[in-house]
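Chemist: Mind having a look at this structure? Questions to follow.
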Amino acid sequence: MEHIEFAYCLNGPEAGQRIDHEDHIVARLRADELAWVHLVADHPETDPWMEEVLDFVEAPTRAALTAKSTRPRSSVQEDGLVVILRGVNLNPGEEVEDMVSLRVFLNPARIITLSRRRLKSLTEMQEAVEAGEGPQSVGGFLTGVVERMGGRIDEVLFELAERVDVLEDAVIARPDPAQRSQVVDERQEVIDLRRYLGPQRDAIGQLASGGHPMLTKHDRRRLAEAHDRLVRGVEELDAMRDRLIVLKDEIDSAVQDKLNRNLYLLSILSAIFLPLGFLTGLMGINLGGMPGAESPWAFWAFTGGLVVVGILQVWVLRRLRWI
């Protein structure tokens with residue numbers, strides 16, 4: 001039974017009790033009381049088990065629940081409600097922005113969830129059920145999961161915003177090419193989060209506005225609050241993305257300014273030493289008839305002349321406002 005991670009009764013006389021035996025799980029899924037089972041989405045036995053046991057779920061719905069690549073969305077089916085969400089990845093050693101997909105199927109008597117990796121929000125819901133504080137309705141379960149996922153997302157966005165603020169202050173104070181890699185890393189995290197939170201905002205907004213008869217007015221109000229939090233989160237991600245683009249441009253501009261200053265200095269030095277080099281090259285030819293070749297003071301006279309020429313060049317460049 002490795003493909004079944006856990007199962008619980010959510011209402012009725014056995015509310016909050018864990019179901020450990022597979023036969024009991026199947027029986028509870030076919031009963032009228034609300035039951036919740038969580039499956040490992042990528043386990044090889046999951047698909048055959050769902051096809052055999054969940055015959056009340058249509059084949060396209062089962063395919064959507066076990067698809068390798070998912071995108072947040074909500075869909076009202078004839079056999080129930082399908083909701084696919086993404087939660088931040090808080091598993092040890094993994095990237096936060098590598099968001100965990102949670103696939104949820106709901107109808108009045110059954111809740112089936114699937115994921116490939118552990119999700120903190122789902123673990124919290126499991127703990128609440130075991131403590132006797134879990135939801136006893138489909139709407140209560142869905143809103144509880146959405147709110148928990150939203151809280152984790154808010155925490156990640158707050159930490160990301162703080163890092164961007166610190167990086168922005170550092171770049172404004174003293175741009176450094178070494179900061180470019182950090183800007184790229186933060187920008188990539190923003191893009192990855194925005195990729196899933198945008199569709200998730202739309203999916204939850206659809207549930208809040210229309211939803212399904214299983215969702216009460218209270219459920220839709222809670223979903224509307226979760227949708228508003230996601231709207232603010234997506235707007236904040238968009239603002240951070242724009243700020244990081246500006247920071248990258250600022251670093252690139254500082255690097256270009258430094259390069260231009262160095263090229264300018266090299267150009268000034270070349271302009272000064274080019275005539276001097278010409279004169280020393282001319283006077284260094286080893287041919288007869290060179291003036292002052294036999295004079296003991298000719299070297300010093302020539303050196304003094306080079307100094308005068310150099311000073312004159314500097315004066316001309318300053319008059320032309322080149323330096």
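Identifiers in this document derive from the order of the structure tokens: chains are assigned A, B, ..., residues are numbered from 1 separately in each chain, and ligands are numbered from 1 in order of occurrence.
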What's around segment 230-232 of chain A at 8 Å? Count only C-alpha atoms, leave out sequence neighbours fewer than 4 positions away in its own chain, and write the answer as a list in words.

Modeler: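 Selected residues are Gly150, Leu197, Gln200, Arg201, Ala226 and Glu236 of chain A.
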
Chemist: Which residues come within 7 Å of Val138 of chain A, counting only C-alpha atoms, excluding same-chain residues fewer than 6 positions away, as a PyMOL selection string?

Modeler: chain A and resi 106+108+214

Chemist: Could you list, as a list in words, every residue within 7 Å of Val145 of chain A, counting only C-alpha atoms and ignoring same-chain residues fewer than 2 positions away?

Modeler: Ser121, Leu122, Met125, Phe141, Leu142, Thr143, Glu147, Arg148 and Met149 of chain A

Chemist: Would you put the residues from that selection into a file with C-alpha atoms, as a PDB file, in the first residue's frame?

Modeler:
```
ATOM      1  CA  SER A 121       0.450  22.729   4.186  1.00  0.00           C
ATOM      2  CA  LEU A 122      -0.972  19.244   3.644  1.00  0.00           C
ATOM      3  CA  MET A 125      -3.999  19.680   7.583  1.00  0.00           C
ATOM      4  CA  PHE A 141     -11.080  21.205   3.476  1.00  0.00           C
ATOM      5  CA  LEU A 142     -10.398  23.147   0.279  1.00  0.00           C
ATOM      6  CA  THR A 143     -10.363  26.556   1.933  1.00  0.00           C
ATOM      7  CA  GLU A 147      -5.234  29.339   3.284  1.00  0.00           C
ATOM      8  CA  ARG A 148      -2.326  27.295   4.622  1.00  0.00           C
ATOM      9  CA  MET A 149      -0.597  27.357   1.246  1.00  0.00           C
TER      10      MET A 149
END
```

Chemist: If you run DSSP on the backbone, which residues of segment 111-193 of chain A are helix (DSSP H, G or I), as a PyMOL selection string?

Modeler: chain A and resi 120-130+138-173+179-193

Chemist: Write out as an MDAnalysis selection string each polymer residue whose atoms come within 12 Å of Ile19 of chain A, counting only C-alpha atoms; drop sequence neighbours fewer than 2 positions from it.

Modeler: chainID A and resid 4:10 14:17 21:29 35:38 130

Chemist: Could you write those residues out with N, CA and C atoms, as a PDB file, in the first residue's frame?

Modeler:
```pdb
ATOM      1  N   ILE A   4      -0.564   4.653  -1.286  1.00  0.00           N
ATOM      2  CA  ILE A   4      -1.472   5.408  -0.411  1.00  0.00           C
ATOM      3  C   ILE A   4      -0.668   5.920   0.776  1.00  0.00           C
ATOM      4  N   GLU A   5      -0.535   7.226   0.868  1.00  0.00           N
ATOM      5  CA  GLU A   5       0.267   7.786   1.955  1.00  0.00           C
ATOM      6  C   GLU A   5      -0.512   7.825   3.260  1.00  0.00           C
ATOM      7  N   PHE A   6      -1.786   8.239   3.199  1.00  0.00           N
ATOM      8  CA  PHE A   6      -2.645   8.196   4.389  1.00  0.00           C
ATOM      9  C   PHE A   6      -4.091   8.395   3.951  1.00  0.00           C
ATOM     10  N   ALA A   7      -5.015   8.073   4.879  1.00  0.00           N
ATOM     11  CA  ALA A   7      -6.444   8.256   4.625  1.00  0.00           C
ATOM     12  C   ALA A   7      -7.137   8.513   5.953  1.00  0.00           C
ATOM     13  N   TYR A   8      -8.194   9.353   5.929  1.00  0.00           N
ATOM     14  CA  TYR A   8      -8.904   9.728   7.153  1.00  0.00           C
ATOM     15  C   TYR A   8     -10.397   9.824   6.885  1.00  0.00           C
ATOM     16  N   CYS A   9     -11.157   9.587   7.939  1.00  0.00           N
ATOM     17  CA  CYS A   9     -12.573   9.933   7.946  1.00  0.00           C
ATOM     18  C   CYS A   9     -12.690  11.379   8.425  1.00  0.00           C
ATOM     19  N   LEU A  10     -13.470  12.170   7.730  1.00  0.00           N
ATOM     20  CA  LEU A  10     -13.567  13.586   8.087  1.00  0.00           C
ATOM     21  C   LEU A  10     -14.860  13.944   8.800  1.00  0.00           C
ATOM     22  N   GLU A  14     -16.898   8.354  12.971  1.00  0.00           N
ATOM     23  CA  GLU A  14     -15.467   8.054  13.008  1.00  0.00           C
ATOM     24  C   GLU A  14     -14.619   9.251  12.566  1.00  0.00           C
ATOM     25  N   ALA A  15     -15.149  10.447  12.669  1.00  0.00           N
ATOM     26  CA  ALA A  15     -14.447  11.653  12.211  1.00  0.00           C
ATOM     27  C   ALA A  15     -13.096  11.792  12.898  1.00  0.00           C
ATOM     28  N   GLY A  16     -12.054  12.057  12.114  1.00  0.00           N
ATOM     29  CA  GLY A  16     -10.712  12.252  12.655  1.00  0.00           C
ATOM     30  C   GLY A  16      -9.905  10.977  12.772  1.00  0.00           C
ATOM     31  N   GLN A  17     -10.511   9.826  12.510  1.00  0.00           N
ATOM     32  CA  GLN A  17      -9.794   8.557  12.645  1.00  0.00           C
ATOM     33  C   GLN A  17      -9.046   8.231  11.351  1.00  0.00           C
ATOM     34  N   HIS A  21      -6.107   0.253   6.692  1.00  0.00           N
ATOM     35  CA  HIS A  21      -6.238  -0.938   5.846  1.00  0.00           C
ATOM     36  C   HIS A  21      -6.845  -0.535   4.502  1.00  0.00           C
ATOM     37  N   GLU A  22      -6.281  -1.082   3.417  1.00  0.00           N
ATOM     38  CA  GLU A  22      -6.721  -0.690   2.074  1.00  0.00           C
ATOM     39  C   GLU A  22      -8.187  -1.022   1.844  1.00  0.00           C
ATOM     40  N   ASP A  23      -8.653  -2.167   2.341  1.00  0.00           N
ATOM     41  CA  ASP A  23     -10.064  -2.534   2.148  1.00  0.00           C
ATOM     42  C   ASP A  23     -10.985  -1.529   2.832  1.00  0.00           C
ATOM     43  N   HIS A  24     -10.580  -1.075   4.007  1.00  0.00           N
ATOM     44  CA  HIS A  24     -11.384  -0.086   4.725  1.00  0.00           C
ATOM     45  C   HIS A  24     -11.389   1.248   3.964  1.00  0.00           C
ATOM     46  N   ILE A  25     -10.243   1.587   3.346  1.00  0.00           N
ATOM     47  CA  ILE A  25     -10.167   2.832   2.568  1.00  0.00           C
ATOM     48  C   ILE A  25     -11.140   2.773   1.403  1.00  0.00           C
ATOM     49  N   VAL A  26     -11.141   1.648   0.696  1.00  0.00           N
ATOM     50  CA  VAL A  26     -12.047   1.491  -0.446  1.00  0.00           C
ATOM     51  C   VAL A  26     -13.494   1.572   0.017  1.00  0.00           C
ATOM     52  N   ALA A  27     -13.801   0.930   1.137  1.00  0.00           N
ATOM     53  CA  ALA A  27     -15.174   0.952   1.657  1.00  0.00           C
ATOM     54  C   ALA A  27     -15.594   2.364   2.030  1.00  0.00           C
ATOM     55  N   ARG A  28     -14.694   3.125   2.651  1.00  0.00           N
ATOM     56  CA  ARG A  28     -15.031   4.491   3.062  1.00  0.00           C
ATOM     57  C   ARG A  28     -15.219   5.388   1.844  1.00  0.00           C
ATOM     58  N   LEU A  29     -14.426   5.162   0.787  1.00  0.00           N
ATOM     59  CA  LEU A  29     -14.591   5.974  -0.415  1.00  0.00           C
ATOM     60  C   LEU A  29     -15.927   5.713  -1.099  1.00  0.00           C
ATOM     61  N   ALA A  35     -14.677  11.156   3.281  1.00  0.00           N
ATOM     62  CA  ALA A  35     -13.370  10.546   3.536  1.00  0.00           C
ATOM     63  C   ALA A  35     -12.318  11.238   2.686  1.00  0.00           C
ATOM     64  N   TRP A  36     -11.107  11.219   3.209  1.00  0.00           N
ATOM     65  CA  TRP A  36      -9.975  11.855   2.514  1.00  0.00           C
ATOM     66  C   TRP A  36      -8.850  10.843   2.376  1.00  0.00           C
ATOM     67  N   VAL A  37      -8.361  10.663   1.145  1.00  0.00           N
ATOM     68  CA  VAL A  37      -7.226   9.783   0.898  1.00  0.00           C
ATOM     69  C   VAL A  37      -6.180  10.555   0.101  1.00  0.00           C
ATOM     70  N   HIS A  38      -4.925  10.390   0.511  1.00  0.00           N
ATOM     71  CA  HIS A  38      -3.826  11.068  -0.175  1.00  0.00           C
ATOM     72  C   HIS A  38      -2.944  10.013  -0.827  1.00  0.00           C
ATOM     73  N   GLU A 130      -5.995  14.809  12.802  1.00  0.00           N
ATOM     74  CA  GLU A 130      -5.677  13.873  13.884  1.00  0.00           C
ATOM     75  C   GLU A 130      -5.962  14.485  15.255  1.00  0.00           C
TER      76      GLU A 130
END
```

Chemist: With distances taken over only C-alpha atoms, which residue among A:Val171, A:Ala254, A:Val82, A:Ala203 lies nearest Glu58 of chain A?

Modeler: A:Val82

Chemist: So that I can see what lies close to Leu207 of chain A, please list as a list in words the residues with an atom at most 9 Å from it, counting only C-alpha atoms and leaving out residues fewer than 2 positions away in the same chain.

Modeler: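 In the requested form, the answer reads Ser74, Ser75, Asp202, Ala203, Ile204, Gly205, Ser209, Gly210, Gly211, His212, Leu215, Arg220, Leu223 and Ala224 of chain A.
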
Chemist: Looking at A:Thr66, A:Gln136, A:Gln126, A:Ser295, which one is nearest to Val104 of chain A, with distances taken over only C-alpha atoms?

Modeler: A:Thr66

Chemist: Excluding Glu235 of chain A and any residue of its chain fewer than 4 positions from it, enumerate the residues within 12 Å of it, using only C-alpha atoms, and give them as a list of chain:residue names.

Modeler: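 Surrounding residues, per the criterion: A:Leu157, A:Val190, A:Leu193, A:Arg194, A:Leu197, A:Gly198, A:Arg201, A:Asp228, A:Arg229, A:Leu230, A:Val231, A:Ala239, A:Met240, A:Arg241, A:Asp242.
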
Chemist: Go ahead and dump the residues you just picked, C-alpha atoms, as a PDB file, in the first residue's frame.

Modeler:
```pdb
ATOM      1  CA  LEU A 157       7.567  36.432  -0.559  1.00  0.00           C
ATOM      2  CA  VAL A 190      10.903  35.705  -8.836  1.00  0.00           C
ATOM      3  CA  LEU A 193       7.303  31.885  -8.407  1.00  0.00           C
ATOM      4  CA  ARG A 194       5.400  34.211 -10.748  1.00  0.00           C
ATOM      5  CA  LEU A 197       1.248  32.083  -8.697  1.00  0.00           C
ATOM      6  CA  GLY A 198      -0.323  33.937 -11.621  1.00  0.00           C
ATOM      7  CA  ARG A 201      -4.513  33.482  -8.496  1.00  0.00           C
ATOM      8  CA  ASP A 228      -6.833  38.878  -2.655  1.00  0.00           C
ATOM      9  CA  ARG A 229      -3.627  37.760  -0.904  1.00  0.00           C
ATOM     10  CA  LEU A 230      -2.443  36.096  -4.086  1.00  0.00           C
ATOM     11  CA  VAL A 231      -3.270  39.204  -6.131  1.00  0.00           C
ATOM     12  CA  ALA A 239       7.397  44.943  -8.765  1.00  0.00           C
ATOM     13  CA  MET A 240      10.428  42.940  -7.590  1.00  0.00           C
ATOM     14  CA  ARG A 241      11.070  41.708 -11.119  1.00  0.00           C
ATOM     15  CA  ASP A 242      11.107  45.303 -12.401  1.00  0.00           C
TER      16      ASP A 242
END
```

Chemist: Find the distance between atom CA of Pro72 of chain A and atom CA of Ser101 of chain A and write it in Å to one decimal.

Modeler: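 If I compute the distance from atom CA of Pro72 of chain A to atom CA of Ser101 of chain A, I get 8.1 Å.
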
Chemist: Please report as CSV every residue of segment 176-279 of chain A lying within 12 Å of segment 308-323 of chain A, along with the nearest atom pair and their distance in Å (one decimal), using only C-alpha atoms.

Modeler:
```
residue,atom,partner,partner_atom,distance
A:Arg261,CA,A:Ile323,CA,11.6
A:Tyr264,CA,A:Ile323,CA,9.4
A:Leu265,CA,A:Ile323,CA,9.1
A:Ser267,CA,A:Trp322,CA,10.3
A:Ile268,CA,A:Ile323,CA,7.9
A:Leu269,CA,A:Val314,CA,10.1
A:Ser270,CA,A:Gln313,CA,11.5
A:Ala271,CA,A:Gln313,CA,8.4
A:Ile272,CA,A:Gln313,CA,6.4
A:Phe273,CA,A:Gly310,CA,7.9
A:Leu274,CA,A:Gly310,CA,10.2
A:Pro275,CA,A:Val309,CA,8.4
A:Leu276,CA,A:Gly310,CA,7.4
A:Gly277,CA,A:Gly310,CA,10.9
A:Phe278,CA,A:Val309,CA,11.8
A:Leu279,CA,A:Val309,CA,10.0
```

Chemist: Given the selection you just returned, output its residues as a file containing N, CA, C and O atoms, formatted as a PDB file, in the first residue's frame.

Modeler:
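Output contents, as saved in out35.pdb:
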```
ATOM      1  N   ARG A 261      36.032  55.098 -18.431  1.00  0.00           N
ATOM      2  CA  ARG A 261      37.056  55.922 -17.773  1.00  0.00           C
ATOM      3  C   ARG A 261      38.452  55.375 -18.033  1.00  0.00           C
ATOM      4  O   ARG A 261      39.395  56.137 -18.297  1.00  0.00           O
ATOM      5  N   TYR A 264      39.426  56.134 -21.538  1.00  0.00           N
ATOM      6  CA  TYR A 264      39.707  57.570 -21.662  1.00  0.00           C
ATOM      7  C   TYR A 264      41.123  57.890 -21.177  1.00  0.00           C
ATOM      8  O   TYR A 264      41.875  58.620 -21.831  1.00  0.00           O
ATOM      9  N   LEU A 265      41.489  57.294 -20.034  1.00  0.00           N
ATOM     10  CA  LEU A 265      42.838  57.529 -19.515  1.00  0.00           C
ATOM     11  C   LEU A 265      43.901  56.984 -20.478  1.00  0.00           C
ATOM     12  O   LEU A 265      44.939  57.616 -20.701  1.00  0.00           O
ATOM     13  N   SER A 267      43.574  56.703 -23.659  1.00  0.00           N
ATOM     14  CA  SER A 267      43.603  57.583 -24.825  1.00  0.00           C
ATOM     15  C   SER A 267      44.426  58.836 -24.550  1.00  0.00           C
ATOM     16  O   SER A 267      45.210  59.288 -25.401  1.00  0.00           O
ATOM     17  N   ILE A 268      44.286  59.416 -23.335  1.00  0.00           N
ATOM     18  CA  ILE A 268      45.053  60.610 -22.970  1.00  0.00           C
ATOM     19  C   ILE A 268      46.551  60.293 -22.926  1.00  0.00           C
ATOM     20  O   ILE A 268      47.390  61.048 -23.455  1.00  0.00           O
ATOM     21  N   LEU A 269      46.867  59.137 -22.298  1.00  0.00           N
ATOM     22  CA  LEU A 269      48.284  58.765 -22.225  1.00  0.00           C
ATOM     23  C   LEU A 269      48.854  58.516 -23.628  1.00  0.00           C
ATOM     24  O   LEU A 269      50.002  58.897 -23.912  1.00  0.00           O
ATOM     25  N   SER A 270      48.058  57.892 -24.491  1.00  0.00           N
ATOM     26  CA  SER A 270      48.524  57.661 -25.862  1.00  0.00           C
ATOM     27  C   SER A 270      48.740  58.972 -26.597  1.00  0.00           C
ATOM     28  O   SER A 270      49.723  59.138 -27.337  1.00  0.00           O
ATOM     29  N   ALA A 271      47.838  59.936 -26.385  1.00  0.00           N
ATOM     30  CA  ALA A 271      47.961  61.234 -27.051  1.00  0.00           C
ATOM     31  C   ALA A 271      49.210  61.979 -26.589  1.00  0.00           C
ATOM     32  O   ALA A 271      49.841  62.711 -27.368  1.00  0.00           O
ATOM     33  N   ILE A 272      49.584  61.791 -25.309  1.00  0.00           N
ATOM     34  CA  ILE A 272      50.766  62.477 -24.785  1.00  0.00           C
ATOM     35  C   ILE A 272      52.053  61.807 -25.265  1.00  0.00           C
ATOM     36  O   ILE A 272      53.008  62.461 -25.706  1.00  0.00           O
ATOM     37  N   PHE A 273      52.092  60.486 -25.219  1.00  0.00           N
ATOM     38  CA  PHE A 273      53.346  59.777 -25.505  1.00  0.00           C
ATOM     39  C   PHE A 273      53.562  59.476 -26.988  1.00  0.00           C
ATOM     40  O   PHE A 273      54.672  59.119 -27.378  1.00  0.00           O
ATOM     41  N   LEU A 274      52.528  59.615 -27.809  1.00  0.00           N
ATOM     42  CA  LEU A 274      52.716  59.349 -29.231  1.00  0.00           C
ATOM     43  C   LEU A 274      53.733  60.312 -29.873  1.00  0.00           C
ATOM     44  O   LEU A 274      54.693  59.869 -30.536  1.00  0.00           O
ATOM     45  N   PRO A 275      53.620  61.643 -29.687  1.00  0.00           N
ATOM     46  CA  PRO A 275      54.650  62.544 -30.247  1.00  0.00           C
ATOM     47  C   PRO A 275      56.028  62.313 -29.634  1.00  0.00           C
ATOM     48  O   PRO A 275      57.054  62.383 -30.331  1.00  0.00           O
ATOM     49  N   LEU A 276      56.047  62.054 -28.313  1.00  0.00           N
ATOM     50  CA  LEU A 276      57.331  61.813 -27.655  1.00  0.00           C
ATOM     51  C   LEU A 276      57.984  60.555 -28.200  1.00  0.00           C
ATOM     52  O   LEU A 276      59.206  60.498 -28.417  1.00  0.00           O
ATOM     53  N   GLY A 277      57.175  59.534 -28.429  1.00  0.00           N
ATOM     54  CA  GLY A 277      57.707  58.305 -29.007  1.00  0.00           C
ATOM     55  C   GLY A 277      58.228  58.519 -30.421  1.00  0.00           C
ATOM     56  O   GLY A 277      59.246  57.928 -30.812  1.00  0.00           O
ATOM     57  N   PHE A 278      57.517  59.366 -31.179  1.00  0.00           N
ATOM     58  CA  PHE A 278      57.989  59.661 -32.528  1.00  0.00           C
ATOM     59  C   PHE A 278      59.352  60.347 -32.487  1.00  0.00           C
ATOM     60  O   PHE A 278      60.270  59.997 -33.251  1.00  0.00           O
ATOM     61  N   LEU A 279      59.506  61.325 -31.572  1.00  0.00           N
ATOM     62  CA  LEU A 279      60.770  62.056 -31.493  1.00  0.00           C
ATOM     63  C   LEU A 279      61.908  61.142 -31.052  1.00  0.00           C
ATOM     64  O   LEU A 279      63.017  61.182 -31.602  1.00  0.00           O
TER      65      LEU A 279
END
```
